There are 2 protein chains.
Amino acid sequence: MSNSKYIDSYPFYVEPFHVDFTGRIFLGVLGNHLLNAAGNHSQRRGWGIGALNETRHTWVLSRLSIEMMEMPRQYEHCEVQTWVESVMRLFTNRNFSILNADGKPLGYARSVWAMIDMETRKPCDLLTLYDGDILNYVVPEEENICPIEGHGRFRFREPQLLRTIDTFYSDVDINGHINSIKYIEHILDLFPRERFENGGIRRFEIAYKTEAYMGDRLSFYSQPAGDDETDIEVRKVAIKREQNEEDFISAEREQARPEVKNDGEVVCQAKVCFK
Amino acid sequence: MSNSKYIDSYPFYVEPFHVDFTGRIFLGVLGNHLLNAAGNHSQRRGWGIGALNETRHTWVLSRLSIEMMEMPRQYEHCEVQTWVESVMRLFTNRNFSILNADGKPLGYARSVWAMIDMETRKPCDLLTLYDGDILNYVVPEEENICPIEGHGRFRFREPQLLRTIDTFYSDVDINGHINSIKYIEHILDLFPRERFENGGIRRFEIAYKTEAYMGDRLSFYSQPAGDDETDIEVRKVAIKREQNEEDFISAEREQARPEVKNDGEVVCQAKVCFK
């Protein structure tokens, strides 16, 4: 538990179905805990989704970078600590630490969030919204302990198409968007078993660019970025309906899977670094 | 909370990323809570996976049927109650109720479990194991309140192939098996958006037949079973490697995706009933 008034603790327990075949927590599940911790921290300060919806604003996750020295294991009791590192006009930086039951740091994370107007979908000025109230929650510099690299830049030259998937019911959240955690799962599913056997993931970065929706078809492109590092770009694919797709409840499906117009539009980019 | 010494309570909270686009909990997430509740209940009585592993036994889930009057919604605090209904030589029946914060039942579930020897993979005699200790935990009849139908039978005639998928890292549990919850997700992903819009799922049944492993290719077959009812059969498919699969870290993938020999082997069967 943190004693700082700027830092909140979010406890979590590593459930049996939340670990991979090595017994370590799935990165997507860990990411979900981070987002829950962020949500609670905002909520307690009057900046939660509920309060914001009344003024028709909402948070949008733009970047997430997680770096783990050690992944929590099945049956471990752990904790996420989170705080606001800084606020700029259009973005705020939120950091995280992940601690085990003894308070030992297992890893850290950084995130970038924008606030948008739910009607115009345009970003808001965080420094003037609610008279700049958010600035009251920025952590003092000496409490901002997050010793991992910032978010990197992505430069894709000629990435290789690895896989194309359709998206379905389980992929979308309450807003009908492909949920941020599901991208992490689909990206890690590109890698073979062996990559997870030798210590697993050291660092994972993701930059969310555009929303995708249930029924969108997504292509995953990869580009080597160094030893044990791979960059992944996820792009929308225009859907050409095939004959055999018409068989199953076709009228409903037609509606469920609107033709994607923005062929090639980048949905998100990620970097996966294995140990 | 239950006051019965036979019935345990497992509280859960409906997290934002655990709800579908209608704001109701994903059935797979609810199933996960049921299995956690079952695990804890067994654990407290000395029949948990940990204790069993010492004697080289483990529980295997054979059937799960969930029937919901109402699905828990985002931000709700709910509870699973679970107890042992009966014990036979090779199977035990475990029941569940799902309650909201006011103690109102939202639904019920039934499950069937076998105990296997981890080396021979053969079922054990529950009535003689540990001198029949498990019989001490069978609930008295008057406390066994689970007013939903028992598990049905499946009869597939000429089911129609809906989709074939490969399985990946995110699909498998700590034993390297495709995890029981992931089947629920993949099965619900066969249905179009509209099916979930009008009240969602009323009843879901699944019968687990054979283990599948990371890299196995699975085909999903459907057969209408009445108004708003569909039976699904999941079968293994022999993998013929295609040229373009060789591109990505091919040697590793070769190992990760062993050729399936048992073409057509039934992995599980399910019934999905919408409202």
# chains A, B, ... in the order shown; residues from 1 in each chain; ligands from 1
call {"tool": "interface_residues", "arguments": {"of": "chain B", "to": "chain A", "cutoff": "7 Å", "atoms": "only C-alpha atoms", "output": "list in words"}}
result
Phe17, Val19, Asp20, Phe21, Thr22, Gly23, Phe168, Tyr169, Ser170, Val172, Asp173, Ile174, Asn175, Gly176, Glu185, Asp189, Pro192, Arg193, Glu194, Glu252, Arg253 and Ala256 of chain B
call {"tool": "write_last_selection", "arguments": {"atoms": "N, CA, C and O atoms", "output": "mmCIF file, in the first residue's frame"}}
result
data_model
loop_
_atom_site.group_PDB
_atom_site.id
_atom_site.type_symbol
_atom_site.label_atom_id
_atom_site.label_comp_id
_atom_site.auth_asym_id
_atom_site.auth_seq_id
_atom_site.Cartn_x
_atom_site.Cartn_y
_atom_site.Cartn_z
ATOM 1 N N PHE B 17 -13.974 -4.221 -18.512
ATOM 2 C CA PHE B 17 -13.527 -4.991 -19.676
ATOM 3 C C PHE B 17 -14.083 -6.416 -19.677
ATOM 4 O O PHE B 17 -13.725 -7.220 -20.525
ATOM 5 N N VAL B 19 -17.420 -6.936 -19.724
ATOM 6 C CA VAL B 19 -18.793 -6.900 -20.246
ATOM 7 C C VAL B 19 -18.787 -6.780 -21.761
ATOM 8 O O VAL B 19 -17.848 -6.253 -22.364
ATOM 9 N N ASP B 20 -19.869 -7.277 -22.365
ATOM 10 C CA ASP B 20 -19.992 -7.225 -23.822
ATOM 11 C C ASP B 20 -20.562 -5.873 -24.255
ATOM 12 O O ASP B 20 -20.722 -4.971 -23.418
ATOM 13 N N PHE B 21 -20.898 -5.745 -25.521
ATOM 14 C CA PHE B 21 -21.343 -4.436 -26.024
ATOM 15 C C PHE B 21 -22.719 -4.042 -25.485
ATOM 16 O O PHE B 21 -23.120 -2.893 -25.620
ATOM 17 N N THR B 22 -23.416 -4.970 -24.835
ATOM 18 C CA THR B 22 -24.696 -4.611 -24.214
ATOM 19 C C THR B 22 -24.523 -4.244 -22.741
ATOM 20 O O THR B 22 -25.502 -3.920 -22.072
ATOM 21 N N GLY B 23 -23.287 -4.330 -22.225
ATOM 22 C CA GLY B 23 -23.037 -3.991 -20.826
ATOM 23 C C GLY B 23 -23.234 -5.161 -19.868
ATOM 24 O O GLY B 23 -23.149 -4.993 -18.657
ATOM 25 N N PHE B 168 -3.906 -20.726 -30.447
ATOM 26 C CA PHE B 168 -2.653 -20.025 -30.197
ATOM 27 C C PHE B 168 -2.369 -19.900 -28.697
ATOM 28 O O PHE B 168 -3.125 -20.394 -27.870
ATOM 29 N N TYR B 169 -1.312 -19.159 -28.413
ATOM 30 C CA TYR B 169 -0.847 -18.901 -27.050
ATOM 31 C C TYR B 169 -1.968 -18.552 -26.064
ATOM 32 O O TYR B 169 -2.039 -19.108 -24.970
ATOM 33 N N SER B 170 -2.863 -17.615 -26.450
ATOM 34 C CA SER B 170 -3.902 -17.136 -25.526
ATOM 35 C C SER B 170 -4.979 -18.184 -25.244
ATOM 36 O O SER B 170 -5.797 -17.996 -24.348
ATOM 37 N N VAL B 172 -4.468 -21.385 -24.398
ATOM 38 C CA VAL B 172 -4.121 -22.536 -23.546
ATOM 39 C C VAL B 172 -3.862 -22.166 -22.093
ATOM 40 O O VAL B 172 -3.446 -21.057 -21.776
ATOM 41 N N ASP B 173 -4.140 -23.131 -21.217
ATOM 42 C CA ASP B 173 -3.974 -22.946 -19.788
ATOM 43 C C ASP B 173 -2.635 -23.509 -19.332
ATOM 44 O O ASP B 173 -1.796 -23.911 -20.142
ATOM 45 N N ILE B 174 -2.446 -23.551 -18.032
ATOM 46 C CA ILE B 174 -1.155 -23.946 -17.473
ATOM 47 C C ILE B 174 -0.799 -25.396 -17.806
ATOM 48 O O ILE B 174 0.372 -25.781 -17.783
ATOM 49 N N ASN B 175 -1.813 -26.208 -18.152
ATOM 50 C CA ASN B 175 -1.538 -27.594 -18.543
ATOM 51 C C ASN B 175 -1.266 -27.743 -20.033
ATOM 52 O O ASN B 175 -1.069 -28.854 -20.521
ATOM 53 N N GLY B 176 -1.298 -26.612 -20.752
ATOM 54 C CA GLY B 176 -1.066 -26.678 -22.193
ATOM 55 C C GLY B 176 -2.316 -27.092 -22.968
ATOM 56 O O GLY B 176 -2.271 -27.276 -24.184
ATOM 57 N N GLU B 185 -15.901 -18.803 -25.392
ATOM 58 C CA GLU B 185 -15.696 -17.601 -26.216
ATOM 59 C C GLU B 185 -15.775 -17.914 -27.715
ATOM 60 O O GLU B 185 -16.463 -17.237 -28.464
ATOM 61 N N ASP B 189 -18.574 -16.620 -30.404
ATOM 62 C CA ASP B 189 -18.090 -15.816 -31.542
ATOM 63 C C ASP B 189 -18.664 -16.290 -32.885
ATOM 64 O O ASP B 189 -18.488 -15.624 -33.901
ATOM 65 N N PRO B 192 -23.914 -13.856 -34.742
ATOM 66 C CA PRO B 192 -23.846 -12.453 -35.126
ATOM 67 C C PRO B 192 -24.337 -11.533 -34.003
ATOM 68 O O PRO B 192 -25.040 -11.982 -33.084
ATOM 69 N N ARG B 193 -23.962 -10.298 -34.135
ATOM 70 C CA ARG B 193 -24.264 -9.263 -33.158
ATOM 71 C C ARG B 193 -25.731 -9.256 -32.711
ATOM 72 O O ARG B 193 -26.033 -9.112 -31.527
ATOM 73 N N GLU B 194 -26.639 -9.421 -33.657
ATOM 74 C CA GLU B 194 -28.074 -9.286 -33.381
ATOM 75 C C GLU B 194 -28.545 -10.300 -32.340
ATOM 76 O O GLU B 194 -29.468 -10.028 -31.579
ATOM 77 N N GLU B 252 10.302 -23.116 -35.426
ATOM 78 C CA GLU B 252 9.608 -23.064 -34.147
ATOM 79 C C GLU B 252 8.142 -23.434 -34.307
ATOM 80 O O GLU B 252 7.566 -24.175 -33.536
ATOM 81 N N ARG B 253 7.550 -22.883 -35.346
ATOM 82 C CA ARG B 253 6.128 -23.124 -35.569
ATOM 83 C C ARG B 253 5.859 -24.610 -35.828
ATOM 84 O O ARG B 253 4.874 -25.166 -35.377
ATOM 85 N N ALA B 256 5.489 -26.096 -32.689
ATOM 86 C CA ALA B 256 4.357 -25.594 -31.913
ATOM 87 C C ALA B 256 3.050 -26.167 -32.428
ATOM 88 O O ALA B 256 2.076 -26.223 -31.719
#
call {"tool": "residues_around", "arguments": {"residues": "Pro123 in chain A", "least_positions_apart": "4", "cutoff": "10 Å", "atoms": "only C-alpha atoms", "output": "PyMOL selection string"}}
result
chain A and resi 57-60+89-91+114-118
call {"tool": "atom_distance", "arguments": {"atom1": "CA of Glu119 in chain A", "atom2": "CA of Glu211 in chain A"}}
result
15.2 Å
call {"tool": "atom_distance", "arguments": {"atom1": "CA of Arg45 in chain A", "atom2": "CA of Tyr137 in chain A"}}
result
8.0 Å
call {"tool": "residues_around", "arguments": {"residues": "range 140-148 of chain A", "least_positions_apart": "5", "cutoff": "8 Å", "atoms": "only C-alpha atoms", "output": "JSON, numbers by chain"}}
result
{"A": [67, 83, 85, 95, 96, 97, 108, 109, 110]}
call {"tool": "atom_distance", "arguments": {"atom1": "CA of Asp131 in chain B", "atom2": "CA of Ser111 in chain B"}}
result
23.4 Å
call {"tool": "residues_around", "arguments": {"residues": "Glu79 in chain A", "least_positions_apart": "3", "cutoff": "12 Å", "atoms": "only C-alpha atoms", "output": "number ranges by chain"}}
result
A: 1-2, 8-14, 30, 33-34, 36-37, 72, 76, 82, 96-108
call {"tool": "select_by_dssp", "arguments": {"residues": "range 154-239 of chain B", "states": "helix (DSSP H, G or I)", "output": "PyMOL selection string"}}
result
chain B and resi 169-171+180-188+193-197
call {"tool": "select_by_dssp", "arguments": {"residues": "range 51-252 of chain A", "states": "strand (DSSP E or B)", "output": "PyMOL selection string"}}
result
chain A and resi 57-68+73+77-87+92-99+105-117+123+138+160-166+172+177-178+201-208+213+217-224+229-237
call {"tool": "decode", "arguments": {"residues": "range 132-144 of chain B", "atoms": "all heavy atoms", "output": "mmCIF file, in the first residue's frame"}}
result
data_model
loop_
_atom_site.group_PDB
_atom_site.id
_atom_site.type_symbol
_atom_site.label_atom_id
_atom_site.label_comp_id
_atom_site.auth_asym_id
_atom_site.auth_seq_id
_atom_site.Cartn_x
_atom_site.Cartn_y
_atom_site.Cartn_z
ATOM 1 N N GLY B 132 -13.444 -42.287 0.948
ATOM 2 C CA GLY B 132 -14.781 -41.729 0.702
ATOM 3 C C GLY B 132 -15.034 -40.397 1.385
ATOM 4 O O GLY B 132 -16.185 -39.996 1.581
ATOM 5 N N ASP B 133 -13.967 -39.718 1.762
ATOM 6 C CA ASP B 133 -14.076 -38.425 2.462
ATOM 7 C C ASP B 133 -15.015 -37.442 1.761
ATOM 8 O O ASP B 133 -15.714 -36.653 2.408
ATOM 9 C CB ASP B 133 -12.670 -37.811 2.590
ATOM 10 C CG ASP B 133 -12.691 -36.365 3.075
ATOM 11 O OD1 ASP B 133 -12.956 -36.157 4.280
ATOM 12 O OD2 ASP B 133 -12.479 -35.448 2.258
ATOM 13 N N ILE B 134 -15.045 -37.487 0.418
ATOM 14 C CA ILE B 134 -15.842 -36.499 -0.332
ATOM 15 C C ILE B 134 -17.331 -36.561 0.035
ATOM 16 O O ILE B 134 -18.044 -35.561 -0.051
ATOM 17 C CB ILE B 134 -15.630 -36.667 -1.856
ATOM 18 C CG1 ILE B 134 -16.109 -35.401 -2.596
ATOM 19 C CG2 ILE B 134 -16.307 -37.913 -2.389
ATOM 20 C CD1 ILE B 134 -15.734 -35.383 -4.065
ATOM 21 N N LEU B 135 -17.789 -37.728 0.485
ATOM 22 C CA LEU B 135 -19.209 -37.874 0.837
ATOM 23 C C LEU B 135 -19.613 -36.972 2.008
ATOM 24 O O LEU B 135 -20.778 -36.627 2.164
ATOM 25 C CB LEU B 135 -19.518 -39.349 1.161
ATOM 26 C CG LEU B 135 -19.431 -40.286 -0.052
ATOM 27 C CD1 LEU B 135 -19.446 -41.741 0.389
ATOM 28 C CD2 LEU B 135 -20.565 -40.010 -1.034
ATOM 29 N N ASN B 136 -18.609 -36.564 2.823
ATOM 30 C CA ASN B 136 -18.894 -35.656 3.934
ATOM 31 C C ASN B 136 -19.346 -34.276 3.473
ATOM 32 O O ASN B 136 -19.851 -33.491 4.277
ATOM 33 C CB ASN B 136 -17.640 -35.472 4.807
ATOM 34 C CG ASN B 136 -17.241 -36.768 5.490
ATOM 35 O OD1 ASN B 136 -18.104 -37.511 5.957
ATOM 36 N ND2 ASN B 136 -15.942 -37.048 5.538
ATOM 37 N N TYR B 137 -19.100 -33.960 2.187
ATOM 38 C CA TYR B 137 -19.356 -32.600 1.710
ATOM 39 C C TYR B 137 -20.605 -32.490 0.856
ATOM 40 O O TYR B 137 -20.916 -31.421 0.340
ATOM 41 C CB TYR B 137 -18.125 -32.082 0.957
ATOM 42 C CG TYR B 137 -16.878 -32.258 1.787
ATOM 43 C CD1 TYR B 137 -15.849 -33.110 1.394
ATOM 44 C CD2 TYR B 137 -16.766 -31.605 3.021
ATOM 45 C CE1 TYR B 137 -14.733 -33.299 2.189
ATOM 46 C CE2 TYR B 137 -15.657 -31.797 3.821
ATOM 47 C CZ TYR B 137 -14.639 -32.648 3.404
ATOM 48 O OH TYR B 137 -13.553 -32.830 4.204
ATOM 49 N N VAL B 138 -21.324 -33.605 0.705
ATOM 50 C CA VAL B 138 -22.551 -33.569 -0.102
ATOM 51 C C VAL B 138 -23.628 -32.807 0.669
ATOM 52 O O VAL B 138 -23.884 -33.084 1.840
ATOM 53 C CB VAL B 138 -23.029 -34.999 -0.437
ATOM 54 C CG1 VAL B 138 -24.363 -34.953 -1.189
ATOM 55 C CG2 VAL B 138 -21.969 -35.716 -1.256
ATOM 56 N N VAL B 139 -24.227 -31.852 0.006
ATOM 57 C CA VAL B 139 -25.208 -30.961 0.627
ATOM 58 C C VAL B 139 -26.482 -31.741 0.997
ATOM 59 O O VAL B 139 -26.872 -32.661 0.270
ATOM 60 C CB VAL B 139 -25.522 -29.802 -0.361
ATOM 61 C CG1 VAL B 139 -26.563 -30.208 -1.373
ATOM 62 C CG2 VAL B 139 -25.890 -28.522 0.340
ATOM 63 N N PRO B 140 -27.130 -31.426 2.122
ATOM 64 C CA PRO B 140 -28.431 -32.041 2.408
ATOM 65 C C PRO B 140 -29.440 -31.644 1.324
ATOM 66 O O PRO B 140 -29.344 -30.537 0.779
ATOM 67 C CB PRO B 140 -28.838 -31.431 3.762
ATOM 68 C CG PRO B 140 -27.588 -30.861 4.337
ATOM 69 C CD PRO B 140 -26.694 -30.505 3.196
ATOM 70 N N GLU B 141 -30.378 -32.521 1.047
ATOM 71 C CA GLU B 141 -31.272 -32.317 -0.093
ATOM 72 C C GLU B 141 -31.998 -30.975 -0.029
ATOM 73 O O GLU B 141 -32.178 -30.313 -1.046
ATOM 74 C CB GLU B 141 -32.279 -33.467 -0.175
ATOM 75 C CG GLU B 141 -32.775 -33.700 -1.594
ATOM 76 C CD GLU B 141 -33.794 -34.827 -1.662
ATOM 77 O OE1 GLU B 141 -33.514 -35.892 -1.090
ATOM 78 O OE2 GLU B 141 -34.854 -34.614 -2.277
ATOM 79 N N GLU B 142 -32.404 -30.565 1.175
ATOM 80 C CA GLU B 142 -33.214 -29.343 1.283
ATOM 81 C C GLU B 142 -32.390 -28.083 0.970
ATOM 82 O O GLU B 142 -32.944 -27.020 0.722
ATOM 83 C CB GLU B 142 -33.877 -29.222 2.671
ATOM 84 C CG GLU B 142 -32.921 -29.082 3.854
ATOM 85 C CD GLU B 142 -32.397 -30.418 4.398
ATOM 86 O OE1 GLU B 142 -32.500 -31.443 3.673
ATOM 87 O OE2 GLU B 142 -31.864 -30.427 5.513
ATOM 88 N N GLU B 143 -31.065 -28.201 0.969
ATOM 89 C CA GLU B 143 -30.238 -27.030 0.642
ATOM 90 C C GLU B 143 -29.837 -26.999 -0.826
ATOM 91 O O GLU B 143 -29.211 -26.046 -1.285
ATOM 92 C CB GLU B 143 -28.967 -27.027 1.517
ATOM 93 C CG GLU B 143 -29.256 -26.816 2.995
ATOM 94 C CD GLU B 143 -27.963 -26.684 3.806
ATOM 95 O OE1 GLU B 143 -26.947 -26.214 3.257
ATOM 96 O OE2 GLU B 143 -27.977 -27.074 4.989
ATOM 97 N N ASN B 144 -30.171 -28.062 -1.549
ATOM 98 C CA ASN B 144 -29.758 -28.176 -2.954
ATOM 99 C C ASN B 144 -30.770 -27.490 -3.876
ATOM 100 O O ASN B 144 -31.559 -28.124 -4.540
ATOM 101 C CB ASN B 144 -29.606 -29.659 -3.308
ATOM 102 C CG ASN B 144 -29.231 -29.861 -4.768
ATOM 103 O OD1 ASN B 144 -28.549 -29.027 -5.373
ATOM 104 N ND2 ASN B 144 -29.684 -30.961 -5.336
#
